$ cat protein-v3.pdb   # PDB, C-alpha atoms
ATOM      1  CA  MET C   1      27.838   5.410  -0.360
ATOM      2  CA  ALA C   2      27.319   9.023  -1.403
ATOM      3  CA  GLY C   3      24.046   8.058  -3.095
ATOM      4  CA  SER C   4      22.755   6.484   0.123
ATOM      5  CA  ALA C   5      23.727   9.528   2.141
ATOM      6  CA  ALA C   6      21.935  11.797  -0.327
ATOM      7  CA  LYS C   7      18.799   9.633  -0.166
ATOM      8  CA  ALA C   8      18.905   9.670   3.625
ATOM      9  CA  LYS C   9      19.327  13.443   3.649
ATOM     10  CA  ALA C  10      16.366  13.834   1.254
ATOM     11  CA  CYS C  11      14.213  11.659   3.520
ATOM     12  CA  LEU C  12      15.165  13.592   6.614
ATOM     13  CA  ALA C  13      14.128  16.777   4.805
ATOM     14  CA  LYS C  14      10.674  15.178   4.289
ATOM     15  CA  SER C  15      10.408  14.230   7.946
ATOM     16  CA  ALA C  16       6.788  14.085   9.041
ATOM     17  CA  PRO C  17       5.069  13.440  12.344
ATOM     18  CA  ILE C  18       4.007   9.831  12.811
ATOM     19  CA  PRO C  19       0.406   9.840  14.057
ATOM     20  CA  GLY C  20      -0.359   7.645  17.035
ATOM     21  CA  TRP C  21      -4.131   7.248  16.579
ATOM     22  CA  THR C  22      -4.307   6.014  13.005
ATOM     23  CA  LEU C  23      -7.855   4.645  13.248
ATOM     24  CA  TYR C  24      -9.121   8.044  14.389
ATOM     25  CA  HIS C  25      -7.335   9.819  11.523
ATOM     26  CA  MET C  26      -8.474   7.235   8.957
ATOM     27  CA  GLY C  27     -12.055   7.560  10.167
ATOM     28  CA  ALA C  28     -11.890  11.350  10.012
ATOM     29  CA  ALA C  29     -10.329  11.166   6.540
ATOM     30  CA  ALA C  30     -13.112   8.806   5.417
ATOM     31  CA  LEU C  31     -15.601  11.429   6.588
ATOM     32  CA  GLY C  32     -13.856  14.080   4.476
ATOM     33  CA  SER C  33     -11.161  15.559   6.713
ATOM     34  CA  LYS C  34      -8.378  16.636   4.346
ATOM     35  CA  SER C  35      -6.048  17.504   7.244
ATOM     36  CA  ASP C  36      -6.305  13.962   8.647
ATOM     37  CA  LEU C  37      -5.798  12.452   5.215
ATOM     38  CA  ASP C  38      -2.780  14.711   4.619
ATOM     39  CA  LEU C  39      -1.302  13.770   8.012
ATOM     40  CA  LEU C  40      -1.505  10.070   7.187
ATOM     41  CA  GLN C  41      -0.241  10.540   3.624
ATOM     42  CA  LEU C  42       2.762  12.606   4.731
ATOM     43  CA  ALA C  43       3.724   9.911   7.237
ATOM     44  CA  ILE C  44       3.345   7.197   4.584
ATOM     45  CA  ASP C  45       5.407   9.209   2.076
ATOM     46  CA  TYR C  46       8.117   9.788   4.676
ATOM     47  CA  LEU C  47       8.293   6.094   5.600
ATOM     48  CA  THR C  48       8.310   5.118   1.925
ATOM     49  CA  CYS C  49      11.309   7.385   1.430
ATOM     50  CA  LYS C  50      13.042   5.882   4.471
ATOM     51  CA  ALA C  51      12.439   2.357   3.152
ATOM     52  CA  GLN C  52      13.763   3.231  -0.307
ATOM     53  CA  ALA C  53      16.846   4.812   1.264
ATOM     54  CA  LYS C  54      17.289   1.679   3.405
ATOM     55  CA  MET C  55      17.087   3.754   6.592
ATOM     56  CA  THR C  56      16.226   2.136   9.908
ATOM     57  CA  PHE C  57      12.638   2.399  11.110
ATOM     58  CA  THR C  58      11.970   3.478  14.671
ATOM     59  CA  ALA C  59       9.552   1.598  16.938
ATOM     60  CA  ASP C  60       6.997   4.389  16.271
ATOM     61  CA  ASP C  61       7.445   3.961  12.508
ATOM     62  CA  LYS C  62       6.817   0.213  12.770
ATOM     63  CA  ASP C  63       3.815   0.670  15.081
ATOM     64  CA  PHE C  64       2.311   3.170  12.644
ATOM     65  CA  LEU C  65       2.585   0.713   9.746
ATOM     66  CA  VAL C  66       1.078  -2.143  11.755
ATOM     67  CA  HIS C  67      -1.790   0.101  12.857
ATOM     68  CA  ILE C  68      -2.444   1.312   9.308
ATOM     69  CA  PHE C  69      -2.907  -2.280   8.119
ATOM     70  CA  GLU C  70      -5.007  -3.160  11.165
ATOM     71  CA  ASP C  71      -7.173  -0.130  10.395
ATOM     72  CA  LEU C  72      -7.533  -1.300   6.804
ATOM     73  CA  TRP C  73      -8.828  -4.556   8.270
ATOM     74  CA  TRP C  74     -11.431  -2.642  10.307
ATOM     75  CA  GLY C  75     -12.458  -0.620   7.256
ATOM     76  CA  GLY C  76     -12.669  -3.709   5.082
ATOM     77  CA  GLU C  77     -14.813  -5.492   7.631
ATOM     78  CA  PHE C  78     -17.054  -2.455   8.050
ATOM     79  CA  LYS C  79     -17.523  -2.057   4.281
ATOM     80  CA  ARG C  80     -17.929  -5.847   3.878
ATOM     81  CA  TYR C  81     -14.757  -6.185   1.827
ATOM     82  CA  THR C  82     -13.859  -9.341   3.697
ATOM     83  CA  GLU C  83     -11.117 -10.480   1.300
ATOM     84  CA  ALA C  84      -9.418  -7.077   1.414
ATOM     85  CA  ALA C  85      -9.683  -7.106   5.201
ATOM     86  CA  ALA C  86      -8.198 -10.593   5.329
ATOM     87  CA  LEU C  87      -5.296  -9.527   3.090
ATOM     88  CA  ALA C  88      -4.506  -6.488   5.256
ATOM     89  CA  ASP C  89      -4.658  -8.588   8.427
ATOM     90  CA  HIS C  90      -2.567 -11.374   6.936
ATOM     91  CA  TYR C  91       0.053  -8.908   5.682
ATOM     92  CA  VAL C  92       0.713  -7.867   9.282
ATOM     93  CA  LYS C  93       0.088 -11.113  11.148
ATOM     94  CA  GLY C  94       0.551 -13.882   8.569
ATOM     95  CA  LYS C  95       4.249 -14.541   9.254
ATOM     96  CA  GLY C  96       4.802 -15.486   5.605
ATOM     97  CA  ALA C  97       2.256 -18.308   5.597
ATOM     98  CA  PRO C  98       0.067 -18.730   2.503
ATOM     99  CA  LEU C  99      -3.425 -17.250   2.644
ATOM    100  CA  GLN C 100      -6.344 -18.899   0.883
ATOM    101  CA  ILE C 101      -8.786 -16.377  -0.566
ATOM    102  CA  ASP C 102     -11.771 -16.595  -2.880
ATOM    103  CA  ALA C 103     -10.459 -16.063  -6.422
ATOM    104  CA  ASP C 104     -13.936 -15.068  -7.666
ATOM    105  CA  VAL C 105     -13.475 -11.652  -6.080
ATOM    106  CA  TYR C 106     -10.583 -10.993  -8.445
ATOM    107  CA  SER C 107     -11.860 -12.756 -11.543
ATOM    108  CA  SER C 108     -15.052 -10.682 -11.444
ATOM    109  CA  SER C 109     -13.373  -7.384 -10.502
ATOM    110  CA  VAL C 110     -13.748  -4.577 -13.057
ATOM    111  CA  ILE C 111     -10.414  -3.110 -11.979
ATOM    112  CA  VAL C 112      -8.629  -6.446 -12.396
ATOM    113  CA  LYS C 113     -10.263  -7.020 -15.811
ATOM    114  CA  ASP C 114      -9.375  -3.496 -17.015
ATOM    115  CA  THR C 115      -5.800  -3.754 -15.765
ATOM    116  CA  SER C 116      -5.381  -7.199 -17.299
ATOM    117  CA  ALA C 117      -6.679  -5.922 -20.652
ATOM    118  CA  ALA C 118      -4.276  -2.957 -20.512
ATOM    119  CA  ILE C 119      -1.305  -5.204 -19.718
ATOM    120  CA  LYS C 120      -2.234  -7.620 -22.530
ATOM    121  CA  GLY C 121      -2.566  -4.685 -24.930
ATOM    122  CA  TYR C 122       0.845  -3.373 -23.895
ATOM    123  CA  ILE C 123       2.430  -6.794 -24.391
ATOM    124  CA  ARG C 124       0.783  -7.099 -27.850
ATOM    125  CA  HIS C 125       2.207  -3.648 -28.678
ATOM    126  CA  LEU C 126       5.702  -4.768 -27.630
ATOM    127  CA  ILE C 127       5.391  -7.962 -29.682
ATOM    128  CA  ASP C 128       4.251  -5.963 -32.737
ATOM    129  CA  LYS C 129       7.332  -3.719 -32.348
ATOM    130  CA  ARG C 130       9.489  -6.809 -31.780
ATOM    131  CA  SER C 131      10.537  -5.319 -28.443
ATOM    132  CA  SER C 132      11.639  -7.353 -25.472
ATOM    133  CA  ILE C 133       8.790  -8.424 -23.233
ATOM    134  CA  VAL C 134      10.983  -9.930 -20.545
ATOM    135  CA  VAL C 135      10.564  -6.864 -18.319
ATOM    136  CA  VAL C 136       7.429  -4.771 -18.293
ATOM    137  CA  THR C 137       7.920  -1.459 -16.522
ATOM    138  CA  LEU C 138       5.185   0.727 -15.141
ATOM    139  CA  ALA C 139       5.674   4.437 -15.606
TER
END
$ encode --input "protein-v3.pdb" --output "structure tokens"
Amino acid sequence: MAGSAAKAKACLAKSAPIPGWTLYHMGAAALGSKSDLDLLQLAIDYLTCKAQAKMTFTADDKDFLVHIFEDLWWGGEFKRYTEAAALADHYVKGKGAPLQIDADVYSSSVIVKDTSAAIKGYIRHLIDKRSSIVVVTLA
């Protein structure tokens, strides 16, 4: 229990204000406002810490997270990233139901191809060293 108390204490030391108008701050950050970006990032870091320490989220914490994902939907729609927008929306409102998306977006993605190649290379490296490949950890 001492470990949990220490984690909770560390999170409380990182306490950050939870912004109420996330879409405004995300829009300002997208236009280059470092202070708005920092405000959002500090809140996200704080809530990440709370989640890892298994601390209870307040109603404001939960509202902030819902609004962040809703704002990602707006941004995705605006930028015509419809699959990304659908994923963000479904994450908040999907209630655990499966979501059908177009796989072509991922099979043609440079980021997905590069990441896949890196993972395959890492697995080949582990096989060459005769290391266990049951668990692949990301550093």
$ resolve_selection --input "protein-v3.pdb" --expression "the PyMOL selection byres ((chain C and resi 92-96) around 10)" --output "number ranges by chain"
C: 65-70, 86-91, 97-99
$ residues_around --input "protein-v3.pdb" --residues "region 62-64 of chain C" --least-positions-apart "5" --cutoff "10 Å" --atoms "all atoms listed in the file" --output "list of chain:residue names"
C:Ile18, C:Pro19, C:Gly20, C:Trp21, C:Thr22, C:Leu40, C:Ala43, C:Ile44, C:Leu47, C:Phe57, C:Phe69, C:Glu70
$ closest_residue --input "protein-v3.pdb" --among "C:Cys11, C:Ile119, C:Gly75, C:Asp128" --to "Ala30 (chain C)" --atoms "all atoms listed in the file"
C:Gly75
$ atom_distance --input "protein-v3.pdb" --atom1 "CA of Ala84 (chain C)" --atom2 "CA of Tyr24 (chain C)"
19.9 Å
$ axis_aligned_box --input "protein-v3.pdb" --around "region 121-131 of chain C" --padding-each-side "4 Å" --output "lines of an AutoDock Vina configuration file"
center_x = 4.0
center_y = -5.7
center_z = -28.3
size_x = 21.1
size_y = 12.6
size_z = 16.8
$ atom_distance --input "protein-v3.pdb" --atom1 "CA of Tyr81 (chain C)" --atom2 "CA of Val105 (chain C)"
9.7 Å
$ atom_distance --input "protein-v3.pdb" --atom1 "CA of Leu37 (chain C)" --atom2 "CA of His25 (chain C)"
7.0 Å
$ residues_around --input "protein-v3.pdb" --residues "Gly3 (chain C)" --least-positions-apart "4" --cutoff "12 Å" --atoms "only C-alpha atoms" --output "number ranges by chain"
C: 7-10, 52-54
$ closest_residue --input "protein-v3.pdb" --among "C:Ala6, C:Asp71, C:Cys49, C:Asp60" --to "Leu23 (chain C)" --atoms "all atoms listed in the file"
C:Asp71
$ decode --input "protein-v3.pdb" --residues "region 88-103 of chain C" --atoms "all heavy atoms" --output "PDB file, in the first residue's frame"
ATOM      1  N   ALA C  88     -11.899   8.419 -32.652  1.00  0.00           N
ATOM      2  CA  ALA C  88     -11.995   9.265 -31.456  1.00  0.00           C
ATOM      3  C   ALA C  88     -13.429   9.285 -30.940  1.00  0.00           C
ATOM      4  O   ALA C  88     -13.673   9.162 -29.736  1.00  0.00           O
ATOM      5  CB  ALA C  88     -11.512  10.682 -31.764  1.00  0.00           C
ATOM      6  N   ASP C  89     -14.390   9.432 -31.853  1.00  0.00           N
ATOM      7  CA  ASP C  89     -15.796   9.464 -31.465  1.00  0.00           C
ATOM      8  C   ASP C  89     -16.229   8.130 -30.874  1.00  0.00           C
ATOM      9  O   ASP C  89     -16.899   8.079 -29.842  1.00  0.00           O
ATOM     10  CB  ASP C  89     -16.652   9.821 -32.680  1.00  0.00           C
ATOM     11  CG  ASP C  89     -18.106  10.002 -32.316  1.00  0.00           C
ATOM     12  OD1 ASP C  89     -18.408  10.904 -31.505  1.00  0.00           O
ATOM     13  OD2 ASP C  89     -18.954   9.247 -32.845  1.00  0.00           O
ATOM     14  N   HIS C  90     -15.814   7.048 -31.515  1.00  0.00           N
ATOM     15  CA  HIS C  90     -16.205   5.721 -31.050  1.00  0.00           C
ATOM     16  C   HIS C  90     -15.584   5.392 -29.688  1.00  0.00           C
ATOM     17  O   HIS C  90     -16.208   4.715 -28.876  1.00  0.00           O
ATOM     18  CB  HIS C  90     -15.804   4.658 -32.075  1.00  0.00           C
ATOM     19  CG  HIS C  90     -16.333   3.306 -31.765  1.00  0.00           C
ATOM     20  ND1 HIS C  90     -17.653   2.974 -31.947  1.00  0.00           N
ATOM     21  CD2 HIS C  90     -15.736   2.205 -31.272  1.00  0.00           C
ATOM     22  CE1 HIS C  90     -17.836   1.720 -31.580  1.00  0.00           C
ATOM     23  NE2 HIS C  90     -16.683   1.232 -31.164  1.00  0.00           N
ATOM     24  N   TYR C  91     -14.372   5.883 -29.456  1.00  0.00           N
ATOM     25  CA  TYR C  91     -13.703   5.639 -28.177  1.00  0.00           C
ATOM     26  C   TYR C  91     -14.553   6.167 -27.021  1.00  0.00           C
ATOM     27  O   TYR C  91     -14.659   5.548 -25.966  1.00  0.00           O
ATOM     28  CB  TYR C  91     -12.321   6.284 -28.175  1.00  0.00           C
ATOM     29  CG  TYR C  91     -11.520   5.974 -26.940  1.00  0.00           C
ATOM     30  CD1 TYR C  91     -10.926   4.735 -26.770  1.00  0.00           C
ATOM     31  CD2 TYR C  91     -11.360   6.922 -25.934  1.00  0.00           C
ATOM     32  CE1 TYR C  91     -10.187   4.436 -25.640  1.00  0.00           C
ATOM     33  CE2 TYR C  91     -10.623   6.634 -24.795  1.00  0.00           C
ATOM     34  CZ  TYR C  91     -10.050   5.393 -24.656  1.00  0.00           C
ATOM     35  OH  TYR C  91      -9.331   5.117 -23.526  1.00  0.00           O
ATOM     36  N   VAL C  92     -15.183   7.326 -27.242  1.00  0.00           N
ATOM     37  CA  VAL C  92     -15.988   7.948 -26.196  1.00  0.00           C
ATOM     38  C   VAL C  92     -17.413   7.402 -26.179  1.00  0.00           C
ATOM     39  O   VAL C  92     -17.977   7.171 -25.116  1.00  0.00           O
ATOM     40  CB  VAL C  92     -16.015   9.483 -26.378  1.00  0.00           C
ATOM     41  CG1 VAL C  92     -16.965  10.137 -25.401  1.00  0.00           C
ATOM     42  CG2 VAL C  92     -14.621  10.056 -26.214  1.00  0.00           C
ATOM     43  N   LYS C  93     -17.988   7.179 -27.335  1.00  0.00           N
ATOM     44  CA  LYS C  93     -19.417   6.864 -27.411  1.00  0.00           C
ATOM     45  C   LYS C  93     -19.737   5.446 -27.862  1.00  0.00           C
ATOM     46  O   LYS C  93     -20.909   5.088 -27.956  1.00  0.00           O
ATOM     47  CB  LYS C  93     -20.088   7.843 -28.378  1.00  0.00           C
ATOM     48  CG  LYS C  93     -19.972   9.278 -27.940  1.00  0.00           C
ATOM     49  CD  LYS C  93     -20.569  10.205 -28.980  1.00  0.00           C
ATOM     50  CE  LYS C  93     -20.348  11.648 -28.574  1.00  0.00           C
ATOM     51  NZ  LYS C  93     -20.619  12.543 -29.693  1.00  0.00           N
ATOM     52  N   GLY C  94     -18.725   4.632 -28.143  1.00  0.00           N
ATOM     53  CA  GLY C  94     -18.959   3.320 -28.740  1.00  0.00           C
ATOM     54  C   GLY C  94     -19.473   2.252 -27.809  1.00  0.00           C
ATOM     55  O   GLY C  94     -19.929   1.212 -28.261  1.00  0.00           O
ATOM     56  N   LYS C  95     -19.350   2.443 -26.506  1.00  0.00           N
ATOM     57  CA  LYS C  95     -19.850   1.493 -25.508  1.00  0.00           C
ATOM     58  C   LYS C  95     -19.322   0.077 -25.713  1.00  0.00           C
ATOM     59  O   LYS C  95     -19.998  -0.898 -25.443  1.00  0.00           O
ATOM     60  CB  LYS C  95     -21.376   1.504 -25.483  1.00  0.00           C
ATOM     61  CG  LYS C  95     -21.949   2.843 -25.092  1.00  0.00           C
ATOM     62  CD  LYS C  95     -23.449   2.821 -25.054  1.00  0.00           C
ATOM     63  CE  LYS C  95     -23.943   4.213 -24.703  1.00  0.00           C
ATOM     64  NZ  LYS C  95     -25.371   4.321 -24.724  1.00  0.00           N
ATOM     65  N   GLY C  96     -18.081  -0.035 -26.236  1.00  0.00           N
ATOM     66  CA  GLY C  96     -17.451  -1.332 -26.392  1.00  0.00           C
ATOM     67  C   GLY C  96     -17.840  -2.094 -27.640  1.00  0.00           C
ATOM     68  O   GLY C  96     -17.353  -3.191 -27.871  1.00  0.00           O
ATOM     69  N   ALA C  97     -18.723  -1.519 -28.451  1.00  0.00           N
ATOM     70  CA  ALA C  97     -19.143  -2.194 -29.685  1.00  0.00           C
ATOM     71  C   ALA C  97     -18.025  -2.125 -30.722  1.00  0.00           C
ATOM     72  O   ALA C  97     -17.252  -1.171 -30.742  1.00  0.00           O
ATOM     73  CB  ALA C  97     -20.401  -1.531 -30.233  1.00  0.00           C
ATOM     74  N   PRO C  98     -17.934  -3.130 -31.587  1.00  0.00           N
ATOM     75  CA  PRO C  98     -16.924  -3.089 -32.653  1.00  0.00           C
ATOM     76  C   PRO C  98     -17.180  -1.913 -33.601  1.00  0.00           C
ATOM     77  O   PRO C  98     -18.318  -1.491 -33.788  1.00  0.00           O
ATOM     78  CB  PRO C  98     -17.122  -4.412 -33.398  1.00  0.00           C
ATOM     79  CG  PRO C  98     -17.916  -5.276 -32.486  1.00  0.00           C
ATOM     80  CD  PRO C  98     -18.705  -4.371 -31.608  1.00  0.00           C
ATOM     81  N   LEU C  99     -16.118  -1.428 -34.202  1.00  0.00           N
ATOM     82  CA  LEU C  99     -16.213  -0.338 -35.170  1.00  0.00           C
ATOM     83  C   LEU C  99     -15.582  -0.799 -36.474  1.00  0.00           C
ATOM     84  O   LEU C  99     -14.430  -1.234 -36.479  1.00  0.00           O
ATOM     85  CB  LEU C  99     -15.479   0.912 -34.651  1.00  0.00           C
ATOM     86  CG  LEU C  99     -15.369   2.080 -35.623  1.00  0.00           C
ATOM     87  CD1 LEU C  99     -16.746   2.663 -35.925  1.00  0.00           C
ATOM     88  CD2 LEU C  99     -14.442   3.148 -35.069  1.00  0.00           C
ATOM     89  N   GLN C 100     -16.323  -0.730 -37.538  1.00  0.00           N
ATOM     90  CA  GLN C 100     -15.803  -1.091 -38.858  1.00  0.00           C
ATOM     91  C   GLN C 100     -15.142   0.144 -39.467  1.00  0.00           C
ATOM     92  O   GLN C 100     -15.758   1.205 -39.539  1.00  0.00           O
ATOM     93  CB  GLN C 100     -16.939  -1.559 -39.783  1.00  0.00           C
ATOM     94  CG  GLN C 100     -17.545  -2.880 -39.375  1.00  0.00           C
ATOM     95  CD  GLN C 100     -16.590  -4.049 -39.578  1.00  0.00           C
ATOM     96  OE1 GLN C 100     -15.550  -3.957 -40.212  1.00  0.00           O
ATOM     97  NE2 GLN C 100     -16.944  -5.187 -39.003  1.00  0.00           N
ATOM     98  N   ILE C 101     -13.888   0.009 -39.864  1.00  0.00           N
ATOM     99  CA  ILE C 101     -13.180   1.103 -40.511  1.00  0.00           C
ATOM    100  C   ILE C 101     -12.506   0.579 -41.769  1.00  0.00           C
ATOM    101  O   ILE C 101     -12.324  -0.633 -41.933  1.00  0.00           O
ATOM    102  CB  ILE C 101     -12.133   1.747 -39.575  1.00  0.00           C
ATOM    103  CG1 ILE C 101     -11.159   0.699 -39.059  1.00  0.00           C
ATOM    104  CG2 ILE C 101     -12.796   2.491 -38.435  1.00  0.00           C
ATOM    105  CD1 ILE C 101     -10.023   1.268 -38.266  1.00  0.00           C
ATOM    106  N   ASP C 102     -12.132   1.486 -42.635  1.00  0.00           N
ATOM    107  CA  ASP C 102     -11.480   1.126 -43.891  1.00  0.00           C
ATOM    108  C   ASP C 102     -10.022   0.776 -43.612  1.00  0.00           C
ATOM    109  O   ASP C 102      -9.234   1.630 -43.217  1.00  0.00           O
ATOM    110  CB  ASP C 102     -11.576   2.299 -44.856  1.00  0.00           C
ATOM    111  CG  ASP C 102     -10.976   2.002 -46.214  1.00  0.00           C
ATOM    112  OD1 ASP C 102     -10.541   0.854 -46.445  1.00  0.00           O
ATOM    113  OD2 ASP C 102     -10.948   2.924 -47.047  1.00  0.00           O
ATOM    114  N   ALA C 103      -9.651  -0.464 -43.815  1.00  0.00           N
ATOM    115  CA  ALA C 103      -8.288  -0.930 -43.531  1.00  0.00           C
ATOM    116  C   ALA C 103      -7.262  -0.314 -44.472  1.00  0.00           C
ATOM    117  O   ALA C 103      -6.069  -0.256 -44.147  1.00  0.00           O
ATOM    118  CB  ALA C 103      -8.225  -2.448 -43.614  1.00  0.00           C
TER     119      ALA C 103
END
